[in-house]
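Student: Sending over a structure as structure tokens; questions will come in a sec.
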Amino acid sequence: MTFPHRKEAFTEIYPGIFRTTLPIPGRRPGPVNVYLFQGEINVLVDTGAKHTVHLLKKAFRDLGFDIKTLNQIIATHGHLDHYGAARHLIRCTGGHATLAAHPEDVHAIRTGREVPLGTYKDYFSAMGVPVVLRFLMMPLMFLGKFLADPCRVDLLLNDGDKIRLGNYDATVLSTPGHTRGSVCIYLETEKILLAGDHIIEHITPNAFVMLEKNRFLPQRLSQSEYYASLEKIEALSPELVLTAHGQPVTDIKKIISGYRESFEKRKEKLLGIINGDKKTVYRIARELFPELGGKRFSLDLFLAISETYTHLQVLEREGKIAMEMKQQKLRVENACAA
Ligand SMILES: [Zn+2]
């Protein structure tokens, strides 16, 4: 493997499979990997954000790839850094390329937002986020406009669908958890898995809270769904996992056991934090992630609350804690104290 001169240049990581890495805002999870399959059917897996589309187009030119020959874009899920440039790219192909995604993330891709703003407001209020912070959070909700153009989805990817990428046959795996419509793409013969954000080598998993329109509290257990999806991946024993951030993974067993270990540790830590008190999710999140500090509403705080709540959902299901809504605020306590 040769090192490219420019960070964003495409590198052939497997015959006919090229990878480029595009910057995204924030420190974690770091730049996004975009994969181009060249062959019978030219397919791009994820696009990076809208503001880096010029870098992607330059990388295509350097590779000698004519964007007009792009047949399809697959969004592994409906997060901004994975579909953000799709609309622009499709326009560059003269409108003939298609965008494919799982039905459950179509709404997020088509509208640029998973749920209406009001749902976020209700959710943060239920989590116990102070009013002033909820107000400060609003600009964050508009960040999406800079990172992604909403885009029509032409083709739905469902679990078990057989698809062709470049010169390879592959199967779609529905792997909810990171988002409700996350998919992985598996090249069975080559034992290569395109994992999107489900597996990332350098960070523990992020199973985002699954907000639902017209519901105060998310009902789906993102963490449980995430680990059920992980079992599905484990059963396949892929030899090479191409992730959407960071380096490829070759030892999937090690990564998975590390994930499970950190999941159990985090639950233990949460029980220690609650420790007989009645607390809001916001307060627990602050204790779980003391490094966040400050009075700003940052993306990190949003993630911290999501991470805390999704773990609490599991602890509640396991009968270890009780959660009760009082005056539109969720109070959490140990089960024995309830
Ligand atoms: Zn993501």
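Following the order of the structure tokens, first chain is A, next is B, and so on, with residues numbered from 1 inside each chain and ligands from 1 in the order they appear.
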Residues within 7 Å of Thr47 of chain A, please, as a short mmCIF file (atom, residue, chain, number, x, y, z; two decimals) with N, CA, C and O atoms, in the first residue's frame. Count only C-alpha atoms; anything in the same chain fewer than 5 positions from it doesn't count.
Tutor:
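Saved as selection-v4.cif:
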data_model
loop_
_atom_site.label_atom_id
_atom_site.label_comp_id
_atom_site.auth_asym_id
_atom_site.auth_seq_id
_atom_site.Cartn_x
_atom_site.Cartn_y
_atom_site.Cartn_z
N VAL A 34 -14.66 7.51 2.97
CA VAL A 34 -15.60 7.36 1.87
C VAL A 34 -15.01 6.31 0.92
O VAL A 34 -13.83 6.36 0.62
N HIS A 82 -22.45 11.40 6.29
CA HIS A 82 -22.53 10.20 5.44
C HIS A 82 -23.35 10.43 4.17
O HIS A 82 -23.15 9.74 3.18
N TYR A 83 -24.25 11.41 4.22
CA TYR A 83 -25.04 11.68 3.01
C TYR A 83 -24.96 13.14 2.58
O TYR A 83 -25.52 13.53 1.55
N GLY A 84 -24.26 13.97 3.37
CA GLY A 84 -24.30 15.43 3.19
C GLY A 84 -24.02 15.93 1.78
O GLY A 84 -24.58 16.94 1.35
N ALA A 85 -23.14 15.25 1.03
CA ALA A 85 -22.77 15.73 -0.31
C ALA A 85 -23.55 15.03 -1.41
O ALA A 85 -23.33 15.28 -2.59
N ALA A 86 -24.47 14.14 -1.04
CA ALA A 86 -25.14 13.28 -2.04
C ALA A 86 -25.88 14.11 -3.09
O ALA A 86 -25.75 13.85 -4.29
#
Student: Residues within 12 Å of ligand 1 (only C-alpha atoms and all ligand atoms), as a PyMOL selection string?
Tutor: chain A and resi 24+28-33+46+48-49+75-84+105+108+176-183+195-200+205-208+243-245+303
Student: Do you have the atom CA of Thr280 of chain A-atom CA of Ala126 of chain A distance handy?
Tutor: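 Answer for the atom CA of Thr280 of chain A to atom CA of Ala126 of chain A separation: 8.4 Å.
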Student: I'd like the neighbourhood of Lys213 of chain A as a PyMOL selection string, where a residue qualifies if any of its atoms comes within 10 Å (using only C-alpha atoms), though same-chain residues fewer than 5 positions away should be ignored.
Tutor: chain A and resi 114-120+218
Student: Step one, run DSSP on the backbone; step two, keep only residues of segment 25-155 of chain A assigned to strand (DSSP E or B); then write them as a list in words.
Tutor: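 For segment 25-155 of chain A, the strand (DSSP E or B) set is Val32, Asn33, Val34, Tyr35, Leu36, Phe37, Ile41, Val43, Leu44, Val45, Gln72, Ile73, Ile74, Thr98, Leu99, Ala100, Ala101 and Leu155 of chain A.
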Student: Would you kindly return, as a PyMOL selection string, each protein, DNA or RNA residue with an atom no farther than 8 Å from any atom of Lys279 of chain A, considering only C-alpha atoms and excluding same-chain residues fewer than 5 positions away?
Tutor: chain A and resi 274+284+331-333
Student: With all heavy atoms retained, write the just-selected residues as a PDB file, in the first residue's frame.
Tutor:
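Heads up, here's the output in result.pdb:
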ATOM      1  N   ILE A 274     -25.852   6.952  40.594  1.00  0.00           N
ATOM      2  CA  ILE A 274     -27.228   7.147  41.086  1.00  0.00           C
ATOM      3  C   ILE A 274     -27.255   6.932  42.608  1.00  0.00           C
ATOM      4  O   ILE A 274     -27.784   7.757  43.350  1.00  0.00           O
ATOM      5  CB  ILE A 274     -28.213   6.182  40.379  1.00  0.00           C
ATOM      6  CG1 ILE A 274     -28.205   6.459  38.866  1.00  0.00           C
ATOM      7  CG2 ILE A 274     -29.630   6.347  40.936  1.00  0.00           C
ATOM      8  CD1 ILE A 274     -28.787   5.346  38.028  1.00  0.00           C
ATOM      9  N   ILE A 284     -26.935  13.146  35.971  1.00  0.00           N
ATOM     10  CA  ILE A 284     -26.151  11.909  35.895  1.00  0.00           C
ATOM     11  C   ILE A 284     -25.114  12.019  34.772  1.00  0.00           C
ATOM     12  O   ILE A 284     -23.953  11.639  34.938  1.00  0.00           O
ATOM     13  CB  ILE A 284     -27.078  10.692  35.668  1.00  0.00           C
ATOM     14  CG1 ILE A 284     -28.022  10.525  36.862  1.00  0.00           C
ATOM     15  CG2 ILE A 284     -26.272   9.421  35.451  1.00  0.00           C
ATOM     16  CD1 ILE A 284     -29.175   9.560  36.628  1.00  0.00           C
ATOM     17  N   ARG A 331     -37.107  11.338  36.532  1.00  0.00           N
ATOM     18  CA  ARG A 331     -36.272  11.163  37.728  1.00  0.00           C
ATOM     19  C   ARG A 331     -35.790   9.719  37.770  1.00  0.00           C
ATOM     20  O   ARG A 331     -36.591   8.797  37.562  1.00  0.00           O
ATOM     21  CB  ARG A 331     -37.069  11.439  39.010  1.00  0.00           C
ATOM     22  CG  ARG A 331     -37.721  12.780  39.025  1.00  0.00           C
ATOM     23  CD  ARG A 331     -36.760  13.827  39.524  1.00  0.00           C
ATOM     24  NE  ARG A 331     -37.342  15.137  39.378  1.00  0.00           N
ATOM     25  CZ  ARG A 331     -36.685  16.270  39.565  1.00  0.00           C
ATOM     26  NH1 ARG A 331     -35.408  16.225  39.927  1.00  0.00           N
ATOM     27  NH2 ARG A 331     -37.259  17.421  39.416  1.00  0.00           N
ATOM     28  N   VAL A 332     -34.521   9.569  38.048  1.00  0.00           N
ATOM     29  CA  VAL A 332     -33.933   8.230  38.030  1.00  0.00           C
ATOM     30  C   VAL A 332     -33.481   7.864  39.440  1.00  0.00           C
ATOM     31  O   VAL A 332     -32.907   8.685  40.144  1.00  0.00           O
ATOM     32  CB  VAL A 332     -32.677   8.215  37.101  1.00  0.00           C
ATOM     33  CG1 VAL A 332     -32.135   6.799  36.956  1.00  0.00           C
ATOM     34  CG2 VAL A 332     -33.016   8.809  35.740  1.00  0.00           C
ATOM     35  N   GLU A 333     -33.763   6.646  39.827  1.00  0.00           N
ATOM     36  CA  GLU A 333     -33.269   6.183  41.131  1.00  0.00           C
ATOM     37  C   GLU A 333     -33.002   4.688  41.073  1.00  0.00           C
ATOM     38  O   GLU A 333     -33.442   3.997  40.169  1.00  0.00           O
ATOM     39  CB  GLU A 333     -34.245   6.523  42.258  1.00  0.00           C
ATOM     40  CG  GLU A 333     -35.613   5.876  42.069  1.00  0.00           C
ATOM     41  CD  GLU A 333     -36.622   6.358  43.113  1.00  0.00           C
ATOM     42  OE1 GLU A 333     -36.240   6.535  44.275  1.00  0.00           O
ATOM     43  OE2 GLU A 333     -37.793   6.524  42.762  1.00  0.00           O
TER      44      GLU A 333
END
Student: Please build the interface table for segment 131-180 of chain A against segment 121-125 of chain A with a cut-off of 12 Å, listing for each qualifying residue the nearest atom pair and the distance in Å to one decimal; count only C-alpha atoms, order rows by chain and increasing number, and write it as JSON lines.
Tutor:
{"residue": "A:Val131", "atom": "CA", "partner": "A:Ser125", "partner_atom": "CA", "distance": 7.7}
{"residue": "A:Val132", "atom": "CA", "partner": "A:Ser125", "partner_atom": "CA", "distance": 11.0}
{"residue": "A:Leu133", "atom": "CA", "partner": "A:Phe124", "partner_atom": "CA", "distance": 9.4}
{"residue": "A:Arg134", "atom": "CA", "partner": "A:Phe124", "partner_atom": "CA", "distance": 6.9}
{"residue": "A:Phe135", "atom": "CA", "partner": "A:Lys121", "partner_atom": "CA", "distance": 9.1}
{"residue": "A:Leu136", "atom": "CA", "partner": "A:Lys121", "partner_atom": "CA", "distance": 11.4}
{"residue": "A:Met137", "atom": "CA", "partner": "A:Lys121", "partner_atom": "CA", "distance": 9.3}
{"residue": "A:Met138", "atom": "CA", "partner": "A:Lys121", "partner_atom": "CA", "distance": 9.0}
{"residue": "A:Met141", "atom": "CA", "partner": "A:Lys121", "partner_atom": "CA", "distance": 10.6}
Student: Nearest to Met323 of chain A: which of A:Arg152, A:Lys278, A:Arg260, A:Lys162 is it, counting only C-alpha atoms?
Tutor: A:Lys278
Student: Residues within 9 Å of Arg87 of chain A, please, as a list in words. Count only C-alpha atoms; anything in the same chain fewer than 5 positions from it doesn't count.
Tutor: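 Result of the neighbour search: Lys50, Cys92, Gly95, Leu99, Ala148, Asp149, Pro150, Cys151 and Arg152 of chain A.
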Student: Pull the alpha helix (DSSP H) assignments for segment 142-286 of chain A out of DSSP run on the backbone, and list those residues as a VMD selection string.
Tutor: chain A and resid 144 to 147 222 to 236 252 to 274 281 to 286
Student: Would you mind exporting C-alpha atoms of the selected residues as a PDB file, in the first residue's frame?
Tutor:
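Once everything was written out, this is again-v8.pdb:
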ATOM      1  CA  GLY A 144     -27.018  20.534   9.878  1.00  0.00           C
ATOM      2  CA  LYS A 145     -27.731  23.030   7.117  1.00  0.00           C
ATOM      3  CA  PHE A 146     -24.008  23.701   6.716  1.00  0.00           C
ATOM      4  CA  LEU A 147     -23.034  20.064   6.695  1.00  0.00           C
ATOM      5  CA  SER A 222     -30.725   1.866  21.104  1.00  0.00           C
ATOM      6  CA  GLN A 223     -28.076   0.012  23.134  1.00  0.00           C
ATOM      7  CA  SER A 224     -29.941  -3.300  23.068  1.00  0.00           C
ATOM      8  CA  GLU A 225     -30.550  -2.966  19.345  1.00  0.00           C
ATOM      9  CA  TYR A 226     -26.903  -2.044  18.841  1.00  0.00           C
ATOM     10  CA  TYR A 227     -25.621  -5.168  20.623  1.00  0.00           C
ATOM     11  CA  ALA A 228     -28.132  -7.405  18.834  1.00  0.00           C
ATOM     12  CA  SER A 229     -26.781  -6.037  15.533  1.00  0.00           C
ATOM     13  CA  LEU A 230     -23.250  -6.631  16.744  1.00  0.00           C
ATOM     14  CA  GLU A 231     -24.090 -10.310  17.330  1.00  0.00           C
ATOM     15  CA  LYS A 232     -25.258 -10.525  13.756  1.00  0.00           C
ATOM     16  CA  ILE A 233     -21.921  -9.141  12.563  1.00  0.00           C
ATOM     17  CA  GLU A 234     -19.971 -11.403  14.922  1.00  0.00           C
ATOM     18  CA  ALA A 235     -21.672 -14.481  13.450  1.00  0.00           C
ATOM     19  CA  LEU A 236     -20.318 -13.563  10.022  1.00  0.00           C
ATOM     20  CA  ILE A 252     -13.183  -8.113  14.986  1.00  0.00           C
ATOM     21  CA  LYS A 253     -13.362 -10.445  18.003  1.00  0.00           C
ATOM     22  CA  LYS A 254     -11.056  -8.200  20.018  1.00  0.00           C
ATOM     23  CA  ILE A 255     -13.060  -5.081  19.169  1.00  0.00           C
ATOM     24  CA  ILE A 256     -16.370  -6.733  20.042  1.00  0.00           C
ATOM     25  CA  SER A 257     -15.184  -8.065  23.399  1.00  0.00           C
ATOM     26  CA  GLY A 258     -13.779  -4.610  24.214  1.00  0.00           C
ATOM     27  CA  TYR A 259     -17.155  -3.052  23.396  1.00  0.00           C
ATOM     28  CA  ARG A 260     -19.024  -5.505  25.612  1.00  0.00           C
ATOM     29  CA  GLU A 261     -16.633  -4.931  28.470  1.00  0.00           C
ATOM     30  CA  SER A 262     -16.967  -1.145  28.306  1.00  0.00           C
ATOM     31  CA  PHE A 263     -20.780  -1.480  28.111  1.00  0.00           C
ATOM     32  CA  GLU A 264     -20.881  -3.448  31.378  1.00  0.00           C
ATOM     33  CA  LYS A 265     -18.426  -1.049  33.048  1.00  0.00           C
ATOM     34  CA  ARG A 266     -20.468   1.966  32.024  1.00  0.00           C
ATOM     35  CA  LYS A 267     -23.631   0.436  33.467  1.00  0.00           C
ATOM     36  CA  GLU A 268     -21.801  -0.301  36.739  1.00  0.00           C
ATOM     37  CA  LYS A 269     -20.513   3.246  36.890  1.00  0.00           C
ATOM     38  CA  LEU A 270     -24.009   4.629  36.353  1.00  0.00           C
ATOM     39  CA  LEU A 271     -25.391   2.578  39.245  1.00  0.00           C
ATOM     40  CA  GLY A 272     -22.623   4.017  41.418  1.00  0.00           C
ATOM     41  CA  ILE A 273     -23.519   7.572  40.366  1.00  0.00           C
ATOM     42  CA  ILE A 274     -27.228   7.147  41.086  1.00  0.00           C
ATOM     43  CA  VAL A 281     -30.538  12.276  33.386  1.00  0.00           C
ATOM     44  CA  TYR A 282     -28.773  15.599  32.843  1.00  0.00           C
ATOM     45  CA  ARG A 283     -27.247  15.503  36.321  1.00  0.00           C
ATOM     46  CA  ILE A 284     -26.151  11.909  35.895  1.00  0.00           C
ATOM     47  CA  ALA A 285     -24.609  12.741  32.496  1.00  0.00           C
ATOM     48  CA  ARG A 286     -22.634  15.580  34.084  1.00  0.00           C
TER      49      ARG A 286
END
Student: Quick one: of A:Cys184, A:Ile41, A:Val153, A:Val314, who's nearest to Arg110 of chain A, counting only C-alpha atoms?
Tutor: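 Distance minimum relative to Arg110 of chain A lands on A:Val153.
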Student: Do a neighbour search on Ala335 of chain A at 9 Å with only C-alpha atoms, toss out local chain neighbours closer than 2 positions, and write the hits as a list in words.
Tutor: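 Residues near the query, excluding close chain neighbours: Gly276, Glu316, Gly319, Lys320, Ile321, Ala322, Met323, Glu333, Ala337 and Ala338 of chain A.
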Student: Can you spit out the residues from that selection as an mmCIF file, in the first residue's frame, using C-alpha atoms?
Tutor:
data_model
loop_
_atom_site.group_PDB
_atom_site.id
_atom_site.type_symbol
_atom_site.label_atom_id
_atom_site.label_comp_id
_atom_site.auth_asym_id
_atom_site.auth_seq_id
_atom_site.Cartn_x
_atom_site.Cartn_y
_atom_site.Cartn_z
ATOM 1 C CA GLY A 276 -29.697 5.906 46.253
ATOM 2 C CA GLU A 316 -34.356 -0.027 33.751
ATOM 3 C CA GLY A 319 -34.768 -4.001 36.777
ATOM 4 C CA LYS A 320 -31.786 -2.233 38.361
ATOM 5 C CA ILE A 321 -33.159 1.297 38.305
ATOM 6 C CA ALA A 322 -36.540 2.998 38.176
ATOM 7 C CA MET A 323 -37.383 6.018 36.031
ATOM 8 C CA GLU A 333 -33.269 6.183 41.131
ATOM 9 C CA ALA A 337 -35.141 2.713 46.565
ATOM 10 C CA ALA A 338 -38.285 2.920 44.417
#
Student: Using only C-alpha atoms, pick whichever of A:Phe37, A:Pro139, A:Arg215, A:Val129 has the shortest atom-to-atom distance to Ala170 of chain A.
Tutor: A:Phe37
Student: Using only C-alpha atoms, which of A:Ala100, A:Leu22, A:Met127, A:Leu242 sits nearest Asn158 of chain A?
Tutor: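 Closest candidate: A:Ala100.
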Student: If we count only C-alpha atoms, what is near Asp159 of chain A at a cut-off of 9 Å, once residues fewer than 5 positions away on the same chain are taken out, given as a ChimeraX atom specification?
Tutor: /A:102,171-175,183
Student: Could you write out the selected residues, including N, CA, C and O atoms, as a short mmCIF file (atom, residue, chain, number, x, y, z; two decimals), in the first residue's frame?
Tutor:
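Final output, saved to selection_30.cif:
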data_model
loop_
_atom_site.label_atom_id
_atom_site.label_comp_id
_atom_site.auth_asym_id
_atom_site.auth_seq_id
_atom_site.Cartn_x
_atom_site.Cartn_y
_atom_site.Cartn_z
N HIS A 102 -31.46 2.80 4.02
CA HIS A 102 -32.47 1.99 4.71
C HIS A 102 -33.73 2.83 4.95
O HIS A 102 -33.63 4.02 5.27
N THR A 171 -24.27 -8.22 0.28
CA THR A 171 -25.58 -8.34 0.94
C THR A 171 -25.75 -7.19 1.93
O THR A 171 -24.79 -6.80 2.60
N VAL A 172 -26.95 -6.67 1.98
CA VAL A 172 -27.25 -5.59 2.94
C VAL A 172 -27.61 -6.22 4.29
O VAL A 172 -28.39 -7.16 4.35
N LEU A 173 -27.02 -5.69 5.34
CA LEU A 173 -27.39 -6.12 6.69
C LEU A 173 -28.02 -4.94 7.40
O LEU A 173 -27.41 -3.87 7.49
N SER A 174 -29.22 -5.13 7.88
CA SER A 174 -29.82 -4.07 8.68
C SER A 174 -29.21 -4.17 10.08
O SER A 174 -29.30 -5.21 10.72
N THR A 175 -28.56 -3.10 10.53
CA THR A 175 -27.87 -3.14 11.83
C THR A 175 -28.26 -1.92 12.67
O THR A 175 -27.45 -1.02 12.88
N VAL A 183 -27.08 0.57 8.14
CA VAL A 183 -26.83 -0.70 7.45
C VAL A 183 -25.33 -0.96 7.36
O VAL A 183 -24.52 -0.04 7.36
#
Student: Out of A:Leu217, A:Leu193, A:Leu70, A:Ala9, which residue has the shortest atom-to-atom distance to Arg91 of chain A when counting only C-alpha atoms?
Tutor: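 Distance minimum relative to Arg91 of chain A lands on A:Leu70.
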Student: Which residue out of A:Leu312, A:Asp169, A:Glu287, A:Leu194 has the minimum interatomic distance to Pro248 of chain A when only C-alpha atoms are used?
Tutor: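 Among the listed residues, A:Leu194 lies closest to Pro248 of chain A.
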